[in-house]
Structure formats: structure tokens, C-alpha cells
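Q: Mind looking over this structure? Questions follow.
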Amino acid sequence: MKPEVGGQAITVVLADDDAAFRLLLRRVLENEGYLVMEASDGEEALRVCETNHPDLVLLDAIMPDKDGFATCSELQTRDWARRVPVLMLTGLDDEQSIERAFSVGAFDYITKPVNMSVLKQRVRRMLFNSQAEQRMLHLAYHDPLTGLPNRHLLMDRLEQAIMRARRSNQNLAVMFMDLDRFKLINDSLGHDAGDRLLKTIAARLEGVVRRSDTVARLGGDEFTVILEGLNQPQEAAQVAHNILEVMARDIDVEASALTISGSIGIATFPRDGETVGALLKNADIAMYRAKELGRANVQFYTEEMSAAALRRLHIENGLRRGLARGEFRLHYQPKYQIDDNRLLGMEALLRWNHPEEGLLLPGEFISVAEETGIIVELGEWVIRTACEQFKAWQQKGRSVPSLAINLSTRQCRNDGLVEFIGSVLARHQLEPAAIQLEFTEVSLMNQMAQIGDCLEALHGLGVKIAIDDFGSGCSSLTDLKRFPIDIIKVDSSFVHGLPGSSEDQAIVRAIVGLARGLGLDLVAEGVETPDQAAELQKLGCHQGQGHYWHRPAESEQLFRQQRA
């Protein structure tokens, strides 16, 4: 078997001014399976090396015009040649000549007359060491799963690309891409399936871009692309859409045809940054914005995104601190029977008493809590605190028939949720049927496949399940029948137009008919005026909550208002 590197025959350049000696060495090396190229002097050796990029160079130390020492020294000035082993052939065996050979970059030397057995062993050893070094270098700068450049090589290539773009006065683009729902696929089908998926995506990415561009894997399901030589930044958008198009094609994994999409953020040089750090940071920020806007999305970086990213980081850093310091509060809003203003229950609403910004509503921080996983710990605090308050009302003789608690579908992916809620209800001796767990319609529609079992298990405890903001997610009758739903809450956007909007009247009337047909309780959110309450009553919706009755407030303040 012929010795090979990367599937190609090993190339050896042999430089010696003695033609007969070259012929002898050539035959010996070719019998070993090497591809040999000859040169009669140093200048010719440099030309042959530059053209063929050999795996090993044999240089005679003493040659006319440019000797082996000078040739070896000049080879070291070529980037590609610095790791190519050079074996010096010399009739000089004095210590000074040997030291000189090593000083100009030779890996080893062998004295003339050459013992061919020694030469063959020396060549094999040098090639083995060189190949081992190359393998180590490859591992150090490439992702072991996909073979793509890793973060270290990406940063080096981006630095070089920036220098070339600056010299040529051209644009370059950096893309950050994150696979949508990859964790779900990895958890469902296993890590082997996830690895095969990543390798397929890597190959598809390389097939979309040019050979001069770079595709790198930073780890997990994150990929980065460097696009050079762009005349206009918008050229990167076309490449991004081509990437999304090839990704959308089915991938066969574990006998399943998977469809996956990606979120792509783009930063361009020089508009969005002139350094490696700035471009990578801003492409990352744009990618997170793309994920926020939905799957299979492409976003260019804007300065506004940077402000939003800083805001997000500020919120993220404060969330854990806020939990530890007791900065969170629960406010409560009553739910009423519209015709007689009879109290039907309370909804617990989370508030953050931020030490610098005052009272923050959930819209300011819940999405960050969900993305970071802090929602699990924060959600447990809400459940525990709300149930403690519900029990306290009962012990004080306050007639609060039911308690509604908002949950995130992210909490449903926590295996311990059902057991935790069951233990809290048991600890406070609360009737499960008095507890309503609310999920927004949009979150349920986006996570149908993942949380169905969780909803069934929660319903099995005896608690009631409510769909919040109903009408905003456009769920179908099939979707409603799929889940164990007890209550639907009309989204406030359809209530605000009442009584004047005929469209909102038609929508509410349709939702009333739907709830009645499915045997579900119906509650209108965001009721602010007596006219709205009257119109809802006329349309067949008999329960409501909103500022018309009470704004959300802490427990004691709320009951003081009721007494007043």
C-alpha cells in the first residue's frame, strides 16, 4: 500500500546537484511508494516546492549558487512550508555545520555517504511525526464532529478577512445561525440522531457558500459563516435565504423525515463593526432578534438591537438577584359575574419591584426568564406564594371561590412541575378544583406536541386549565379538543372595541358560541367600562375582569378597596 496523506500520495522534493546520486535516491524512495520530484540546485528546489507543496524536502547541504542552508532558510519564509519537514543531506559532520542545519529550520540531518536503510527509517519517522502534528493541529482548529473550522480558526480567518476587506475597500458579512427546535429533536431522537443532523446541516452549508468563504461550527447547534468580497451588504441576505431554503429540505434521520429551520443574524464590515469582536457580537445580537421574530428568520444587525441586547442582559442579571432578594410581588385582580358583580375568584399577577426601575410588569422580563430557564424557579415561587395567600384568605373567612395562576409552557417541560403543584396543594389543603392554571393561546399552539402530556397530568390532579388571551393565536377546534381545557378567556383586544365595533361583536359572539358548544366557561379580559360589561352580557359572556371593577393590587390593598 502506498503511503498517503489525506488520500493523496506523499510528495517528496529531492534537491542535489549530483544527478547520479539523485537517481539512486529517487529509486529508493519510489520503491517505498513516495512521489518524488527532483531539483538540481536551491533555486529550482524552491520553484518545485512552491508549485507542489511537498510533504517532505531532502536538501543537499552543498550545492552551487544557493546551497541547502540558504534554501532551507528561505523555505521557512513561506507560510505553507513552515511545518514541512526538511532532511539535510550533508558530507559535513562537524558540530558547526550540524547546528547551522538546525538553525535554518531543518528537522533532521543525515551524513553522506548515505546508508539507504537509515535514510528510509529517518524519512518514515519524520513523516509520521509531521502527520501526527498535522492531526493535532487539525483537532485544535476544527470541530471533531463536522470537520468545520472551530472558534479558534474562525477568529483567525475573520481577522485575515477584515484585513483583506480593508485593503480592497469591500464589504464582508458575518452570519450567526442557530437551529430552531434542535434541543427538542436531540432530546426526542437521541444524541446520535442529533449528531447526524448537525453533520448534514454542515455539509449543506458548505454547499451553499463559495470555496473562498468560511463555514464554522462554534458548538451545539450554532454555525457561523464568513462571506468575503461583497459589493453590497444586501448580497449576504440572498445567501442567507439560500441557506434557509436548503435547510428546509427534509433530512432522513432515524427513519424519520425531519424538517428543520434556522434563525440567522448578519453583521457586516465596516458598517456594523471593524473588529473581530464587534462583528461576532453584533451578528449574535441579530441572531437572537431573528429568533424572537419566529422560525426561519433573517435579521441584519441594527444599533437598536444593541440597546435591546444590553437591556436583556440587564434584566437577565437582575432576575436571579431579584429572586434571592425577595424583589418579586404578587398582585391580584378579581373576576366577577357580570350581571350581579358577584366575586368568582382572583387571578395572581406577577410584578417585579426592581430596585432601580420600580414596578415592572411581566412583559418586561418574562421572555428573558423563559429563555434562560429562570422561569422554572420563578414560577415555583409564584405557585407557592399564590397558594399560601389563597389559604390565608380562607383562614380569614374571605370568600374567594377560586384562584387563577399563570404558567409558562416552558415550566411544563420541567418534569417536576406536576408533582410540585400537587405537593403545594396538599400542604395547604386546597381543593384542586378551585385552582385554575392559565396558559396563553399562542404558547399552547407553539408547543402542542411537547406539553400535551403535561396538561393531561395537571388536569389529572383535579385543577382546571384555562386558555388565556383567546383569539390572539387563531387556534382551531381540533386544537381545542386536543387539550383538556375548562375555561377560555377572551383576549382584551376584542373587548376594547365594544360596544361600537361590529367586527369585535361578531368575534365575541363566535367565541361565546364556541365555548357554549364545547361546554367551556368563558371569561372576558380587559373590561374597562360599564358599556363594555353590558355588551358582553348581551352577547352571552357572563364573566369578566378588568379595570371596570378593580385594577390589580396587593391583597390587603385590594380588600381595603372592596370595603371602601
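Chain labels A, B, ... are given in the sequence in which chains occur in the C-alpha cells; within each chain residues are numbered consecutively from 1, and ligands are likewise numbered from 1 in the order shown.
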Quick check for you: according to DSSP on this backbone, which residues of range 333-453 of chain A are classed as alpha helix (DSSP H)? Reply as JSON, numbers by chain.

A: {"A": [366, 367, 368, 369, 370, 371, 372, 374, 375, 376, 377, 378, 379, 380, 381, 382, 383, 384, 385, 386, 387, 388, 389, 390, 391, 392, 393, 394, 395, 409, 410, 411, 412, 417, 418, 419, 420, 421, 422, 423, 424, 425, 426, 427, 441, 442, 443, 444, 445, 446, 448, 449, 450, 451, 452, 453]}

Q: Residues of range 258-469 of chain A classed as strand (DSSP E) by DSSP on the backbone are to be reported as a PyMOL selection string.

A: chain A and resi 258+262-269+297-300+328-337+342-354+358-360+403-406+435-440+464-469

Q: If we count only C-alpha atoms and set the cut-off at 7 Å, which residues sit around Thr214 in chain A, ignoring sequence neighbours fewer than 4 positions away in its own chain? Please answer as number ranges by chain.

A: A: 225-227

Q: Tell me, in Å to one decimal, how far CA of Val104 in chain A is from CA of Ala15 in chain A.

A: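 These two atoms are separated by 16.3 Å.
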
Q: Between CA of Glu235 in chain A and CA of Leu293 in chain A, what distance in Å does the model show, to one decimal?

A: 21.7 Å

Q: Name the residues in contact with range 24-31 of chain A at a cut-off of 12 Å, using only C-alpha atoms, excluding same-chain residues fewer than 6 positions from it; report them as an MDAnalysis selection string.

A: chainID A and resid 1:3 9:16 18 37:39 56 58:60 89 113:124

Q: Selection from above, C-alpha atoms, as a short mmCIF file (atom, residue, chain, number, x, y, z; two decimals), in the first residue's frame, can you write it?

A:
data_model
loop_
_atom_site.label_atom_id
_atom_site.label_comp_id
_atom_site.auth_asym_id
_atom_site.auth_seq_id
_atom_site.Cartn_x
_atom_site.Cartn_y
_atom_site.Cartn_z
CA MET A 1 0.00 0.00 0.00
CA LYS A 2 1.32 3.41 -0.95
CA PRO A 3 1.81 5.87 1.90
CA ALA A 9 0.35 10.10 -2.41
CA ILE A 10 3.10 11.58 -0.24
CA THR A 11 5.22 14.01 -2.27
CA VAL A 12 8.97 14.33 -1.68
CA VAL A 13 11.18 17.00 -3.26
CA LEU A 14 14.79 15.85 -3.67
CA ALA A 15 17.42 18.56 -4.32
CA ASP A 16 21.03 17.56 -5.06
CA ASP A 18 24.75 15.13 -8.25
CA MET A 37 10.24 15.41 -7.70
CA GLU A 38 13.85 16.40 -8.43
CA ALA A 39 15.79 19.66 -8.37
CA LEU A 56 8.95 16.28 2.80
CA LEU A 58 15.53 16.41 1.09
CA LEU A 59 18.23 19.05 0.60
CA ASP A 60 21.89 18.59 -0.16
CA LEU A 89 21.94 15.60 3.33
CA PRO A 113 27.70 8.52 2.13
CA VAL A 114 24.07 7.73 2.84
CA ASN A 115 23.06 4.43 4.36
CA MET A 116 19.81 3.75 2.48
CA SER A 117 18.25 1.70 5.30
CA VAL A 118 18.90 4.56 7.71
CA LEU A 119 17.51 7.04 5.17
CA LYS A 120 14.27 5.08 4.75
CA GLN A 121 13.75 4.84 8.52
CA ARG A 122 14.56 8.52 9.01
CA VAL A 123 12.07 9.55 6.27
CA ARG A 124 9.30 7.36 7.74
#

Q: Rounded to one decimal place, report the CA of Leu184 in chain A-CA of Gln450 in chain A distance in Å.

A: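 Taking CA of Leu184 in chain A and CA of Gln450 in chain A, their separation equals 8.5 Å.
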
Q: Skipping near chain neighbours, those fewer than 3 positions away, what residues fall within 6 Å of Asn353 in chain A using only C-alpha atoms, listed as a compact mmCIF listing (two decimals) with C-alpha atoms, in the first residue's frame?

A:
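Okay, result26.txt is ready:
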# COMPACT_ATOMS: atom_id res chain seq x y z
CA GLU A 327 -37.96 41.64 44.95
CA PHE A 328 -40.95 39.92 43.34
CA GLY A 358 -39.61 50.49 40.21
CA LEU A 359 -42.53 48.17 39.50

Q: Residues at most 8 Å from Val174 in chain A, counting only C-alpha atoms, excluding those fewer than 4 positions away in the same chain, as a PyMOL selection string?

A: chain A and resi 224-227+266-268+279-280+283

Q: Fewer than 2 positions away in the same chain doesn't count, so skip those; otherwise give me all residues within 9 Å of Ile487 in chain A, counting only C-alpha atoms, as number ranges by chain.

A: A: 436, 438, 464-468, 485, 489, 515, 520-523

Q: Deliver the residues from the most recent selection as a file, using N, CA and C atoms, as a PDB file, in the first residue's frame.

A:
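Written file, part37.pdb:
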ATOM      1  N   GLN A 436     -57.090  27.354  39.035  1.00  0.00           N
ATOM      2  CA  GLN A 436     -57.096  27.444  37.573  1.00  0.00           C
ATOM      3  C   GLN A 436     -55.690  27.791  37.100  1.00  0.00           C
ATOM      4  N   GLU A 438     -53.475  28.986  33.982  1.00  0.00           N
ATOM      5  CA  GLU A 438     -53.702  29.666  32.709  1.00  0.00           C
ATOM      6  C   GLU A 438     -52.453  29.626  31.829  1.00  0.00           C
ATOM      7  N   LYS A 464     -58.170  23.086  37.105  1.00  0.00           N
ATOM      8  CA  LYS A 464     -58.770  23.472  35.834  1.00  0.00           C
ATOM      9  C   LYS A 464     -57.721  24.157  34.948  1.00  0.00           C
ATOM     10  N   ILE A 465     -57.862  23.938  33.650  1.00  0.00           N
ATOM     11  CA  ILE A 465     -56.934  24.511  32.681  1.00  0.00           C
ATOM     12  C   ILE A 465     -57.653  25.592  31.883  1.00  0.00           C
ATOM     13  N   ALA A 466     -57.022  26.764  31.791  1.00  0.00           N
ATOM     14  CA  ALA A 466     -57.620  27.888  31.062  1.00  0.00           C
ATOM     15  C   ALA A 466     -56.702  28.326  29.924  1.00  0.00           C
ATOM     16  N   ILE A 467     -57.308  28.746  28.810  1.00  0.00           N
ATOM     17  CA  ILE A 467     -56.556  29.373  27.720  1.00  0.00           C
ATOM     18  C   ILE A 467     -56.711  30.877  27.860  1.00  0.00           C
ATOM     19  N   ASP A 468     -55.584  31.539  28.083  1.00  0.00           N
ATOM     20  CA  ASP A 468     -55.563  32.994  28.242  1.00  0.00           C
ATOM     21  C   ASP A 468     -55.404  33.661  26.875  1.00  0.00           C
ATOM     22  N   ILE A 485     -59.155  21.366  28.184  1.00  0.00           N
ATOM     23  CA  ILE A 485     -59.443  22.764  28.506  1.00  0.00           C
ATOM     24  C   ILE A 485     -60.783  22.880  29.242  1.00  0.00           C
ATOM     25  N   LYS A 489     -60.500  32.490  27.961  1.00  0.00           N
ATOM     26  CA  LYS A 489     -60.588  33.901  28.330  1.00  0.00           C
ATOM     27  C   LYS A 489     -60.430  34.752  27.073  1.00  0.00           C
ATOM     28  N   ALA A 515     -67.540  28.385  23.006  1.00  0.00           N
ATOM     29  CA  ALA A 515     -67.450  27.953  24.404  1.00  0.00           C
ATOM     30  C   ALA A 515     -68.706  27.191  24.816  1.00  0.00           C
ATOM     31  N   LEU A 520     -67.487  24.938  27.777  1.00  0.00           N
ATOM     32  CA  LEU A 520     -66.397  25.615  28.486  1.00  0.00           C
ATOM     33  C   LEU A 520     -66.898  26.891  29.144  1.00  0.00           C
ATOM     34  N   ASP A 521     -66.306  27.219  30.302  1.00  0.00           N
ATOM     35  CA  ASP A 521     -66.575  28.514  30.916  1.00  0.00           C
ATOM     36  C   ASP A 521     -65.904  29.605  30.085  1.00  0.00           C
ATOM     37  N   LEU A 522     -66.478  30.808  30.110  1.00  0.00           N
ATOM     38  CA  LEU A 522     -65.960  31.908  29.302  1.00  0.00           C
ATOM     39  C   LEU A 522     -65.797  33.151  30.164  1.00  0.00           C
ATOM     40  N   VAL A 523     -64.611  33.772  30.071  1.00  0.00           N
ATOM     41  CA  VAL A 523     -64.313  34.991  30.839  1.00  0.00           C
ATOM     42  C   VAL A 523     -63.776  36.038  29.871  1.00  0.00           C
TER      43      VAL A 523
END

Q: From the options A:Leu310, A:Ala433, A:Ala106, A:Ile451, which residue's atoms come nearest to Thr409 in chain A, counting only C-alpha atoms?

A: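 Residue with the minimum atom-to-atom distance to Thr409 in chain A: A:Ile451.
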